[in-house]
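Engineer: Sharing model-v7.cif (mmCIF, N, CA and C atoms, pLDDT in the B column; chains and numbers go by the auth columns) below.
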```
data_entry
loop_
_atom_site.group_PDB
_atom_site.id
_atom_site.type_symbol
_atom_site.label_atom_id
_atom_site.label_comp_id
_atom_site.label_asym_id
_atom_site.label_seq_id
_atom_site.Cartn_x
_atom_site.Cartn_y
_atom_site.Cartn_z
_atom_site.B_iso_or_equiv
_atom_site.auth_seq_id
_atom_site.auth_asym_id
ATOM 1 N N MET A 1 100.207 -165.309 -24.552 88.00 515 A
ATOM 2 C CA MET A 1 100.186 -163.874 -24.690 88.00 515 A
ATOM 3 C C MET A 1 98.967 -163.513 -25.536 88.00 515 A
ATOM 4 N N THR A 2 98.248 -162.517 -25.124 90.00 516 A
ATOM 5 C CA THR A 2 97.097 -162.037 -25.877 90.00 516 A
ATOM 6 C C THR A 2 97.373 -160.612 -26.337 90.00 516 A
ATOM 7 N N ILE A 3 97.128 -160.360 -27.621 91.00 517 A
ATOM 8 C CA ILE A 3 97.321 -159.015 -28.152 91.00 517 A
ATOM 9 C C ILE A 3 96.038 -158.530 -28.815 91.00 517 A
ATOM 10 N N LYS A 4 95.874 -157.222 -28.790 94.00 518 A
ATOM 11 C CA LYS A 4 94.818 -156.562 -29.555 94.00 518 A
ATOM 12 C C LYS A 4 95.482 -156.171 -30.864 94.00 518 A
ATOM 13 N N ALA A 5 94.935 -156.648 -31.994 95.00 519 A
ATOM 14 C CA ALA A 5 95.641 -156.495 -33.266 95.00 519 A
ATOM 15 C C ALA A 5 94.725 -155.990 -34.370 95.00 519 A
ATOM 16 N N LEU A 6 95.255 -155.091 -35.188 96.00 520 A
ATOM 17 C CA LEU A 6 94.573 -154.592 -36.369 96.00 520 A
ATOM 18 C C LEU A 6 94.928 -155.505 -37.538 96.00 520 A
ATOM 19 N N VAL A 7 93.924 -156.008 -38.256 97.00 521 A
ATOM 20 C CA VAL A 7 94.160 -156.891 -39.396 97.00 521 A
ATOM 21 C C VAL A 7 94.457 -156.025 -40.623 97.00 521 A
ATOM 22 N N LEU A 8 95.695 -156.114 -41.097 96.00 522 A
ATOM 23 C CA LEU A 8 96.126 -155.323 -42.247 96.00 522 A
ATOM 24 C C LEU A 8 95.738 -155.985 -43.563 96.00 522 A
ATOM 25 N N SER A 9 95.795 -157.316 -43.612 95.00 523 A
ATOM 26 C CA SER A 9 95.393 -158.033 -44.829 95.00 523 A
ATOM 27 C C SER A 9 94.817 -159.390 -44.455 95.00 523 A
ATOM 28 N N ASP A 10 93.926 -159.869 -45.311 94.00 524 A
ATOM 29 C CA ASP A 10 93.251 -161.162 -45.144 94.00 524 A
ATOM 30 C C ASP A 10 93.254 -161.802 -46.524 94.00 524 A
ATOM 31 N N ARG A 11 94.123 -162.831 -46.721 93.00 525 A
ATOM 32 C CA ARG A 11 94.315 -163.363 -48.069 93.00 525 A
ATOM 33 C C ARG A 11 94.436 -164.881 -48.057 93.00 525 A
ATOM 34 N N ALA A 12 94.058 -165.474 -49.168 92.00 526 A
ATOM 35 C CA ALA A 12 94.262 -166.908 -49.372 92.00 526 A
ATOM 36 C C ALA A 12 95.692 -167.105 -49.860 92.00 526 A
ATOM 37 N N ASP A 13 96.319 -168.183 -49.425 90.00 527 A
ATOM 38 C CA ASP A 13 97.692 -168.477 -49.816 90.00 527 A
ATOM 39 C C ASP A 13 97.805 -169.963 -50.106 90.00 527 A
ATOM 40 N N GLU A 14 98.577 -170.303 -51.116 92.00 528 A
ATOM 41 C CA GLU A 14 98.834 -171.713 -51.387 92.00 528 A
ATOM 42 C C GLU A 14 100.254 -171.875 -51.898 92.00 528 A
ATOM 43 N N TYR A 15 100.854 -172.975 -51.508 88.00 529 A
ATOM 44 C CA TYR A 15 102.206 -173.296 -51.936 88.00 529 A
ATOM 45 C C TYR A 15 102.383 -174.811 -51.906 88.00 529 A
ATOM 46 N N THR A 16 103.426 -175.292 -52.552 92.00 530 A
ATOM 47 C CA THR A 16 103.721 -176.713 -52.549 92.00 530 A
ATOM 48 C C THR A 16 104.730 -176.997 -51.451 92.00 530 A
ATOM 49 N N GLY A 17 104.297 -177.748 -50.459 87.00 531 A
ATOM 50 C CA GLY A 17 105.153 -178.122 -49.344 87.00 531 A
ATOM 51 C C GLY A 17 105.705 -179.519 -49.524 87.00 531 A
ATOM 52 N N LYS A 18 106.286 -180.069 -48.476 92.00 532 A
ATOM 53 C CA LYS A 18 106.878 -181.403 -48.517 92.00 532 A
ATOM 54 C C LYS A 18 105.842 -182.484 -48.800 92.00 532 A
ATOM 55 N N ARG A 19 104.606 -182.256 -48.365 93.00 533 A
ATOM 56 C CA ARG A 19 103.547 -183.253 -48.534 93.00 533 A
ATOM 57 C C ARG A 19 102.527 -182.872 -49.599 93.00 533 A
ATOM 58 N N GLY A 20 102.872 -181.942 -50.474 94.00 534 A
ATOM 59 C CA GLY A 20 101.968 -181.558 -51.546 94.00 534 A
ATOM 60 C C GLY A 20 101.448 -180.138 -51.391 94.00 534 A
ATOM 61 N N LEU A 21 100.354 -179.855 -52.090 94.00 535 A
ATOM 62 C CA LEU A 21 99.772 -178.516 -52.104 94.00 535 A
ATOM 63 C C LEU A 21 99.178 -178.154 -50.748 94.00 535 A
ATOM 64 N N VAL A 22 99.530 -176.976 -50.243 89.00 536 A
ATOM 65 C CA VAL A 22 99.021 -176.463 -48.976 89.00 536 A
ATOM 66 C C VAL A 22 98.196 -175.222 -49.268 89.00 536 A
ATOM 67 N N LYS A 23 96.927 -175.230 -48.848 91.00 537 A
ATOM 68 C CA LYS A 23 96.050 -174.063 -48.994 91.00 537 A
ATOM 69 C C LYS A 23 95.705 -173.561 -47.608 91.00 537 A
ATOM 70 N N GLN A 24 95.872 -172.249 -47.418 91.00 538 A
ATOM 71 C CA GLN A 24 95.568 -171.669 -46.120 91.00 538 A
ATOM 72 C C GLN A 24 95.105 -170.228 -46.254 91.00 538 A
ATOM 73 N N GLN A 25 94.462 -169.736 -45.222 94.00 539 A
ATOM 74 C CA GLN A 25 94.029 -168.348 -45.147 94.00 539 A
ATOM 75 C C GLN A 25 94.959 -167.644 -44.164 94.00 539 A
ATOM 76 N N ILE A 26 95.612 -166.588 -44.622 95.00 540 A
ATOM 77 C CA ILE A 26 96.609 -165.873 -43.823 95.00 540 A
ATOM 78 C C ILE A 26 96.104 -164.465 -43.530 95.00 540 A
ATOM 79 N N ILE A 27 96.221 -164.047 -42.272 96.00 541 A
ATOM 80 C CA ILE A 27 95.979 -162.644 -41.943 96.00 541 A
ATOM 81 C C ILE A 27 97.301 -162.041 -41.464 96.00 541 A
ATOM 82 N N THR A 28 97.531 -160.812 -41.837 96.00 542 A
ATOM 83 C CA THR A 28 98.685 -160.059 -41.359 96.00 542 A
ATOM 84 C C THR A 28 98.161 -159.031 -40.374 96.00 542 A
ATOM 85 N N VAL A 29 98.739 -159.024 -39.173 97.00 543 A
ATOM 86 C CA VAL A 29 98.235 -158.159 -38.117 97.00 543 A
ATOM 87 C C VAL A 29 99.343 -157.276 -37.556 97.00 543 A
ATOM 88 N N MET A 30 98.922 -156.118 -37.028 96.00 544 A
ATOM 89 C CA MET A 30 99.826 -155.205 -36.339 96.00 544 A
ATOM 90 C C MET A 30 99.327 -155.065 -34.905 96.00 544 A
ATOM 91 N N ASP A 31 100.217 -155.237 -33.965 93.00 545 A
ATOM 92 C CA ASP A 31 99.866 -155.158 -32.549 93.00 545 A
ATOM 93 C C ASP A 31 99.373 -153.750 -32.201 93.00 545 A
ATOM 94 N N GLN A 32 98.195 -153.678 -31.595 93.00 546 A
ATOM 95 C CA GLN A 32 97.602 -152.401 -31.180 93.00 546 A
ATOM 96 C C GLN A 32 97.391 -152.357 -29.669 93.00 546 A
ATOM 97 N N SER A 33 98.090 -153.199 -28.938 84.00 547 A
ATOM 98 C CA SER A 33 97.924 -153.277 -27.489 84.00 547 A
ATOM 99 C C SER A 33 98.160 -151.924 -26.841 84.00 547 A
ATOM 100 N N GLU A 34 97.434 -151.663 -25.789 84.00 548 A
ATOM 101 C CA GLU A 34 97.495 -150.356 -25.130 84.00 548 A
ATOM 102 C C GLU A 34 98.501 -150.313 -23.990 84.00 548 A
ATOM 103 N N THR A 35 99.300 -151.345 -23.818 75.00 549 A
ATOM 104 C CA THR A 35 100.249 -151.408 -22.713 75.00 549 A
ATOM 105 C C THR A 35 101.498 -150.577 -22.961 75.00 549 A
ATOM 106 N N GLY A 36 101.769 -150.210 -24.202 76.00 550 A
ATOM 107 C CA GLY A 36 102.988 -149.485 -24.527 76.00 550 A
ATOM 108 C C GLY A 36 104.108 -150.419 -24.935 76.00 550 A
ATOM 109 N N GLU A 37 103.982 -151.697 -24.647 81.00 551 A
ATOM 110 C CA GLU A 37 104.963 -152.715 -25.032 81.00 551 A
ATOM 111 C C GLU A 37 104.401 -153.499 -26.207 81.00 551 A
ATOM 112 N N ARG A 38 104.476 -152.922 -27.381 86.00 552 A
ATOM 113 C CA ARG A 38 103.910 -153.530 -28.590 86.00 552 A
ATOM 114 C C ARG A 38 104.984 -154.226 -29.409 86.00 552 A
ATOM 115 N N LEU A 39 104.537 -155.195 -30.211 85.00 553 A
ATOM 116 C CA LEU A 39 105.435 -155.789 -31.197 85.00 553 A
ATOM 117 C C LEU A 39 105.766 -154.725 -32.227 85.00 553 A
ATOM 118 N N ALA A 40 107.003 -154.653 -32.654 87.00 554 A
ATOM 119 C CA ALA A 40 107.450 -153.584 -33.546 87.00 554 A
ATOM 120 C C ALA A 40 107.113 -153.830 -35.009 87.00 554 A
ATOM 121 N N GLN A 41 106.929 -155.092 -35.406 90.00 555 A
ATOM 122 C CA GLN A 41 106.655 -155.394 -36.802 90.00 555 A
ATOM 123 C C GLN A 41 105.371 -156.213 -36.933 90.00 555 A
ATOM 124 N N PRO A 42 104.784 -156.197 -38.130 94.00 556 A
ATOM 125 C CA PRO A 42 103.577 -157.005 -38.347 94.00 556 A
ATOM 126 C C PRO A 42 103.908 -158.492 -38.276 94.00 556 A
ATOM 127 N N ILE A 43 102.921 -159.292 -37.913 95.00 557 A
ATOM 128 C CA ILE A 43 103.081 -160.744 -37.888 95.00 557 A
ATOM 129 C C ILE A 43 101.974 -161.382 -38.711 95.00 557 A
ATOM 130 N N GLU A 44 102.225 -162.600 -39.175 96.00 558 A
ATOM 131 C CA GLU A 44 101.221 -163.345 -39.926 96.00 558 A
ATOM 132 C C GLU A 44 100.624 -164.409 -39.028 96.00 558 A
ATOM 133 N N TYR A 45 99.351 -164.734 -39.294 96.00 559 A
ATOM 134 C CA TYR A 45 98.648 -165.767 -38.552 96.00 559 A
ATOM 135 C C TYR A 45 97.841 -166.594 -39.547 96.00 559 A
ATOM 136 N N SER A 46 97.995 -167.912 -39.482 93.00 560 A
ATOM 137 C CA SER A 46 97.274 -168.820 -40.357 93.00 560 A
ATOM 138 C C SER A 46 96.012 -169.302 -39.646 93.00 560 A
ATOM 139 N N LEU A 47 94.853 -169.070 -40.264 94.00 561 A
ATOM 140 C CA LEU A 47 93.588 -169.468 -39.645 94.00 561 A
ATOM 141 C C LEU A 47 93.421 -170.982 -39.663 94.00 561 A
ATOM 142 N N SER A 48 92.863 -171.526 -38.576 93.00 562 A
ATOM 143 C CA SER A 48 92.527 -172.947 -38.527 93.00 562 A
ATOM 144 C C SER A 48 91.302 -173.175 -39.407 93.00 562 A
ATOM 145 N N GLU A 49 90.952 -174.421 -39.626 92.00 563 A
ATOM 146 C CA GLU A 49 89.782 -174.741 -40.461 92.00 563 A
ATOM 147 C C GLU A 49 88.502 -174.152 -39.867 92.00 563 A
ATOM 148 N N GLU A 50 88.350 -174.220 -38.548 94.00 564 A
ATOM 149 C CA GLU A 50 87.155 -173.650 -37.894 94.00 564 A
ATOM 150 C C GLU A 50 87.127 -172.127 -38.036 94.00 564 A
ATOM 151 N N GLU A 51 88.290 -171.495 -37.836 94.00 565 A
ATOM 152 C CA GLU A 51 88.372 -170.042 -37.971 94.00 565 A
ATOM 153 C C GLU A 51 88.163 -169.626 -39.419 94.00 565 A
ATOM 154 N N LYS A 52 88.656 -170.431 -40.346 92.00 566 A
ATOM 155 C CA LYS A 52 88.491 -170.128 -41.774 92.00 566 A
ATOM 156 C C LYS A 52 87.012 -170.105 -42.144 92.00 566 A
ATOM 157 N N ALA A 53 86.256 -171.066 -41.638 92.00 567 A
ATOM 158 C CA ALA A 53 84.819 -171.121 -41.932 92.00 567 A
ATOM 159 C C ALA A 53 84.089 -169.906 -41.377 92.00 567 A
ATOM 160 N N ALA A 54 84.504 -169.431 -40.229 92.00 568 A
ATOM 161 C CA ALA A 54 83.814 -168.312 -39.576 92.00 568 A
ATOM 162 C C ALA A 54 84.312 -166.942 -40.012 92.00 568 A
ATOM 163 N N HIS A 55 85.620 -166.815 -40.327 91.00 569 A
ATOM 164 C CA HIS A 55 86.203 -165.486 -40.506 91.00 569 A
ATOM 165 C C HIS A 55 86.855 -165.199 -41.856 91.00 569 A
ATOM 166 N N ALA A 56 87.060 -166.190 -42.699 86.00 570 A
ATOM 167 C CA ALA A 56 87.823 -165.986 -43.942 86.00 570 A
ATOM 168 C C ALA A 56 87.228 -164.868 -44.794 86.00 570 A
ATOM 169 N N GLY A 57 88.063 -163.890 -45.129 89.00 571 A
ATOM 170 C CA GLY A 57 87.641 -162.784 -45.973 89.00 571 A
ATOM 171 C C GLY A 57 86.848 -161.704 -45.267 89.00 571 A
ATOM 172 N N LYS A 58 86.638 -161.819 -43.957 92.00 572 A
ATOM 173 C CA LYS A 58 85.799 -160.870 -43.231 92.00 572 A
ATOM 174 C C LYS A 58 86.561 -160.021 -42.214 92.00 572 A
ATOM 175 N N LEU A 59 87.860 -160.206 -42.088 93.00 573 A
ATOM 176 C CA LEU A 59 88.602 -159.549 -41.012 93.00 573 A
ATOM 177 C C LEU A 59 89.387 -158.310 -41.431 93.00 573 A
ATOM 178 N N GLN A 60 89.463 -158.027 -42.720 94.00 574 A
ATOM 179 C CA GLN A 60 90.229 -156.870 -43.208 94.00 574 A
ATOM 180 C C GLN A 60 89.809 -155.601 -42.473 94.00 574 A
ATOM 181 N N ASP A 61 90.778 -154.858 -41.929 95.00 575 A
ATOM 182 C CA ASP A 61 90.589 -153.577 -41.233 95.00 575 A
ATOM 183 C C ASP A 61 89.817 -153.696 -39.916 95.00 575 A
ATOM 184 N N LYS A 62 89.666 -154.894 -39.382 95.00 576 A
ATOM 185 C CA LYS A 62 89.007 -155.090 -38.085 95.00 576 A
ATOM 186 C C LYS A 62 90.075 -155.210 -36.998 95.00 576 A
ATOM 187 N N VAL A 63 89.687 -154.936 -35.770 96.00 577 A
ATOM 188 C CA VAL A 63 90.573 -155.131 -34.617 96.00 577 A
ATOM 189 C C VAL A 63 90.113 -156.397 -33.901 96.00 577 A
ATOM 190 N N ILE A 64 91.048 -157.326 -33.686 95.00 578 A
ATOM 191 C CA ILE A 64 90.728 -158.607 -33.062 95.00 578 A
ATOM 192 C C ILE A 64 91.611 -158.824 -31.832 95.00 578 A
ATOM 193 N N ASN A 65 91.190 -159.735 -30.972 95.00 579 A
ATOM 194 C CA ASN A 65 92.026 -160.212 -29.881 95.00 579 A
ATOM 195 C C ASN A 65 92.602 -161.545 -30.327 95.00 579 A
ATOM 196 N N LEU A 66 93.922 -161.651 -30.313 95.00 580 A
ATOM 197 C CA LEU A 66 94.612 -162.826 -30.807 95.00 580 A
ATOM 198 C C LEU A 66 95.434 -163.435 -29.680 95.00 580 A
ATOM 199 N N GLY A 67 95.138 -164.679 -29.344 95.00 581 A
ATOM 200 C CA GLY A 67 95.910 -165.408 -28.340 95.00 581 A
ATOM 201 C C GLY A 67 97.069 -166.100 -29.026 95.00 581 A
ATOM 202 N N ILE A 68 98.283 -165.725 -28.675 94.00 582 A
ATOM 203 C CA ILE A 68 99.481 -166.275 -29.318 94.00 582 A
ATOM 204 C C ILE A 68 100.179 -167.210 -28.344 94.00 582 A
ATOM 205 N N ARG A 69 100.447 -168.440 -28.813 95.00 583 A
ATOM 206 C CA ARG A 69 101.186 -169.389 -27.983 95.00 583 A
ATOM 207 C C ARG A 69 102.571 -169.681 -28.529 95.00 583 A
ATOM 208 N N GLU A 70 102.813 -169.290 -29.802 95.00 584 A
ATOM 209 C CA GLU A 70 104.112 -169.556 -30.406 95.00 584 A
ATOM 210 C C GLU A 70 104.380 -168.566 -31.535 95.00 584 A
ATOM 211 N N LEU A 71 105.612 -168.072 -31.618 92.00 585 A
ATOM 212 C CA LEU A 71 106.073 -167.246 -32.723 92.00 585 A
ATOM 213 C C LEU A 71 107.223 -167.970 -33.394 92.00 585 A
ATOM 214 N N SER A 72 107.194 -168.049 -34.729 93.00 586 A
ATOM 215 C CA SER A 72 108.273 -168.696 -35.458 93.00 586 A
ATOM 216 C C SER A 72 108.567 -167.890 -36.721 93.00 586 A
ATOM 217 N N ILE A 73 109.699 -168.172 -37.329 93.00 587 A
ATOM 218 C CA ILE A 73 110.075 -167.492 -38.562 93.00 587 A
ATOM 219 C C ILE A 73 109.632 -168.355 -39.738 93.00 587 A
ATOM 220 N N PHE A 74 108.894 -167.751 -40.678 86.00 588 A
ATOM 221 C CA PHE A 74 108.420 -168.436 -41.879 86.00 588 A
ATOM 222 C C PHE A 74 108.902 -167.612 -43.057 86.00 588 A
ATOM 223 N N GLY A 75 109.980 -168.050 -43.687 87.00 589 A
ATOM 224 C CA GLY A 75 110.595 -167.231 -44.740 87.00 589 A
ATOM 225 C C GLY A 75 111.259 -166.031 -44.098 87.00 589 A
ATOM 226 N N THR A 76 110.771 -164.844 -44.427 89.00 590 A
ATOM 227 C CA THR A 76 111.325 -163.610 -43.849 89.00 590 A
ATOM 228 C C THR A 76 110.371 -162.950 -42.871 89.00 590 A
ATOM 229 N N LYS A 77 109.265 -163.636 -42.525 90.00 591 A
ATOM 230 C CA LYS A 77 108.240 -163.030 -41.677 90.00 591 A
ATOM 231 C C LYS A 77 108.034 -163.831 -40.403 90.00 591 A
ATOM 232 N N LEU A 78 107.497 -163.155 -39.393 92.00 592 A
ATOM 233 C CA LEU A 78 107.113 -163.842 -38.166 92.00 592 A
ATOM 234 C C LEU A 78 105.739 -164.456 -38.355 92.00 592 A
ATOM 235 N N ARG A 79 105.577 -165.703 -37.962 93.00 593 A
ATOM 236 C CA ARG A 79 104.301 -166.398 -38.071 93.00 593 A
ATOM 237 C C ARG A 79 103.867 -166.803 -36.669 93.00 593 A
ATOM 238 N N ALA A 80 102.643 -166.456 -36.303 94.00 594 A
ATOM 239 C CA ALA A 80 102.110 -166.770 -34.987 94.00 594 A
ATOM 240 C C ALA A 80 101.215 -168.003 -35.047 94.00 594 A
ATOM 241 N N ARG A 81 101.200 -168.752 -33.959 94.00 595 A
ATOM 242 C CA ARG A 81 100.256 -169.841 -33.779 94.00 595 A
ATOM 243 C C ARG A 81 99.472 -169.551 -32.511 94.00 595 A
ATOM 244 N N GLY A 82 98.212 -169.911 -32.537 95.00 596 A
ATOM 245 C CA GLY A 82 97.353 -169.661 -31.395 95.00 596 A
ATOM 246 C C GLY A 82 95.908 -169.757 -31.820 95.00 596 A
ATOM 247 N N ARG A 83 95.104 -168.750 -31.418 96.00 597 A
ATOM 248 C CA ARG A 83 93.700 -168.728 -31.835 96.00 597 A
ATOM 249 C C ARG A 83 93.155 -167.313 -31.754 96.00 597 A
ATOM 250 N N ILE A 84 92.116 -167.081 -32.552 96.00 598 A
ATOM 251 C CA ILE A 84 91.413 -165.795 -32.505 96.00 598 A
ATOM 252 C C ILE A 84 90.424 -165.889 -31.351 96.00 598 A
ATOM 253 N N ILE A 85 90.563 -164.976 -30.395 95.00 599 A
ATOM 254 C CA ILE A 85 89.698 -164.980 -29.227 95.00 599 A
ATOM 255 C C ILE A 85 88.379 -164.277 -29.531 95.00 599 A
ATOM 256 N N GLY A 86 88.416 -163.246 -30.366 91.00 600 A
ATOM 257 C CA GLY A 86 87.214 -162.536 -30.756 91.00 600 A
ATOM 258 C C GLY A 86 87.518 -161.167 -31.299 91.00 600 A
ATOM 259 N N LEU A 87 86.470 -160.455 -31.687 89.00 601 A
ATOM 260 C CA LEU A 87 86.648 -159.077 -32.157 89.00 601 A
ATOM 261 C C LEU A 87 86.799 -158.165 -30.957 89.00 601 A
ATOM 262 N N ALA A 88 87.676 -157.173 -31.091 80.00 602 A
ATOM 263 C CA ALA A 88 87.917 -156.250 -29.973 80.00 602 A
ATOM 264 C C ALA A 88 86.906 -155.132 -29.963 80.00 602 A
#
```
Show me the file's structure as structure tokens.
Structural biologist:
Amino acid sequence: MTIKALVLSDRADEYTGKRGLVKQQIITVMDQSETGERLAQPIEYSLSEEEKAAHAGKLQDKVINLGIRELSIFGTKLRARGRIIGLA
């Protein structure tokens, strides 16, 4: 599934997981698709190492195309897996 999404926040996050300290760059996005069938709540997306090098800290308030292959629950939020296809 591909969505056109507005980046609401772009932040560094770290926590202690099962295998030690985890550092990641998280963006929170709101679906802006023009189909009328939008996601009702914001979702989080964790940038890959390649995406982090190219986009970390630069996506706030931008509209991007996000390819989503999986949605899962992380704490109380939806977390997407996939890739950033590009700026919309």
Engineer: Please determine, counting all atoms listed in the file, which residue among A:Gln539, A:Gln546, A:Gln574, A:Thr516 has the shortest atom-to-atom distance to Leu561 of chain A.
Structural biologist: A:Gln539
Engineer: Which neighbours of Gln555 of chain A fall inside 6.5 Å, counting only N, CA and C atoms, when residues of the same chain fewer than 5 positions from it are skipped, and could you give them as an mmCIF file with N, CA and C atoms, keeping the file's coordinate frame?
Structural biologist:
```
data_model
loop_
_atom_site.group_PDB
_atom_site.id
_atom_site.type_symbol
_atom_site.label_atom_id
_atom_site.label_comp_id
_atom_site.auth_asym_id
_atom_site.auth_seq_id
_atom_site.Cartn_x
_atom_site.Cartn_y
_atom_site.Cartn_z
ATOM 1 N N VAL A 543 98.739 -159.024 -39.173
ATOM 2 C CA VAL A 543 98.235 -158.159 -38.117
ATOM 3 C C VAL A 543 99.343 -157.276 -37.556
ATOM 4 N N MET A 544 98.922 -156.118 -37.028
ATOM 5 C CA MET A 544 99.826 -155.205 -36.339
ATOM 6 C C MET A 544 99.327 -155.065 -34.905
ATOM 7 N N ASP A 545 100.217 -155.237 -33.965
ATOM 8 C CA ASP A 545 99.866 -155.158 -32.549
ATOM 9 C C ASP A 545 99.373 -153.750 -32.201
#
```
Engineer: Could you check how far atom CA of Val577 of chain A sits from atom CA of Lys518 of chain A, in Å to one decimal?
Structural biologist: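 These two atoms are separated by 6.8 Å.
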Engineer: List the residues sitting within 9 Å of (87.3, -164.6, -31.2) in the file's frame, using only C-alpha atoms, as a PyMOL selection string.
Structural biologist: chain A and resi 565+578-580+597-602
Engineer: Residues as selected, N, CA and C atoms, written as a short mmCIF file (atom, residue, chain, number, x, y, z; two decimals), in the coordinates of the input, can you do that?
Structural biologist:
```
data_model
loop_
_atom_site.label_atom_id
_atom_site.label_comp_id
_atom_site.auth_asym_id
_atom_site.auth_seq_id
_atom_site.Cartn_x
_atom_site.Cartn_y
_atom_site.Cartn_z
N GLU A 565 88.29 -171.50 -37.84
CA GLU A 565 88.37 -170.04 -37.97
C GLU A 565 88.16 -169.63 -39.42
N ILE A 578 91.05 -157.33 -33.69
CA ILE A 578 90.73 -158.61 -33.06
C ILE A 578 91.61 -158.82 -31.83
N ASN A 579 91.19 -159.74 -30.97
CA ASN A 579 92.03 -160.21 -29.88
C ASN A 579 92.60 -161.54 -30.33
N LEU A 580 93.92 -161.65 -30.31
CA LEU A 580 94.61 -162.83 -30.81
C LEU A 580 95.43 -163.44 -29.68
N ARG A 597 95.10 -168.75 -31.42
CA ARG A 597 93.70 -168.73 -31.84
C ARG A 597 93.16 -167.31 -31.75
N ILE A 598 92.12 -167.08 -32.55
CA ILE A 598 91.41 -165.80 -32.51
C ILE A 598 90.42 -165.89 -31.35
N ILE A 599 90.56 -164.98 -30.40
CA ILE A 599 89.70 -164.98 -29.23
C ILE A 599 88.38 -164.28 -29.53
N GLY A 600 88.42 -163.25 -30.37
CA GLY A 600 87.21 -162.54 -30.76
C GLY A 600 87.52 -161.17 -31.30
N LEU A 601 86.47 -160.46 -31.69
CA LEU A 601 86.65 -159.08 -32.16
C LEU A 601 86.80 -158.16 -30.96
N ALA A 602 87.68 -157.17 -31.09
CA ALA A 602 87.92 -156.25 -29.97
C ALA A 602 86.91 -155.13 -29.96
#
```
Engineer: One decimal, Å: what's the distance from atom CA of Tyr529 of chain A over to atom N of His569 of chain A, could you say?
Structural biologist: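 It comes out at 21.3 Å.
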Engineer: Expressed in Å to a single decimal, how great is the separation between atom CA of Lys576 of chain A and atom C of Ser523 of chain A?
Structural biologist: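 Atom-to-atom, atom CA of Lys576 of chain A and atom C of Ser523 of chain A are spaced 9.6 Å apart.
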Engineer: What parts of chain A does DSSP call helix (DSSP H, G or I)? I'd like the answer as a list in words.
Structural biologist: Glu563, Glu564, Glu565, Lys566, Ala567, Ala568 and His569 of chain A
Engineer: Hey, which of A:Leu520, A:Ile540, A:Ala594, A:Ala526 ends up closest to Ile582 of chain A? Count only C-alpha atoms.
Structural biologist: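 Of A:Leu520, A:Ile540, A:Ala594, A:Ala526, the one nearest Ile582 of chain A, counting only C-alpha atoms, is A:Ala594.
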Engineer: Rank nothing, just name the residue among A:Ala570, A:Thr530, A:Glu558, A:Arg552 nearest to Leu592 of chain A, using only N, CA and C atoms.
Structural biologist: A:Glu558
Engineer: With only C-alpha atoms as the atoms that count, which of A:Thr542, A:Arg593, A:Ala567, A:Ser562 lies nearest to Val521 of chain A?
Structural biologist: A:Thr542
Engineer: With 8 Å on each side, where is the centre of the axis-aligned box around all listed atoms of segment 520-538 of chain A, and how long are its edges in Å to one decimal, as JSON?
Structural biologist:
```
{"center_x": 100.1, "center_y": -168.9, "center_z": -43.9, "size_x": 29.6, "size_y": 44.7, "size_z": 33.4}
```
Engineer: Return as a PyMOL selection string the full set of residues in chain A whose backbone-based DSSP assignment is strand (DSSP E or B).
Structural biologist: chain A and resi 516-531+534-545+557-560+577-588+591-601
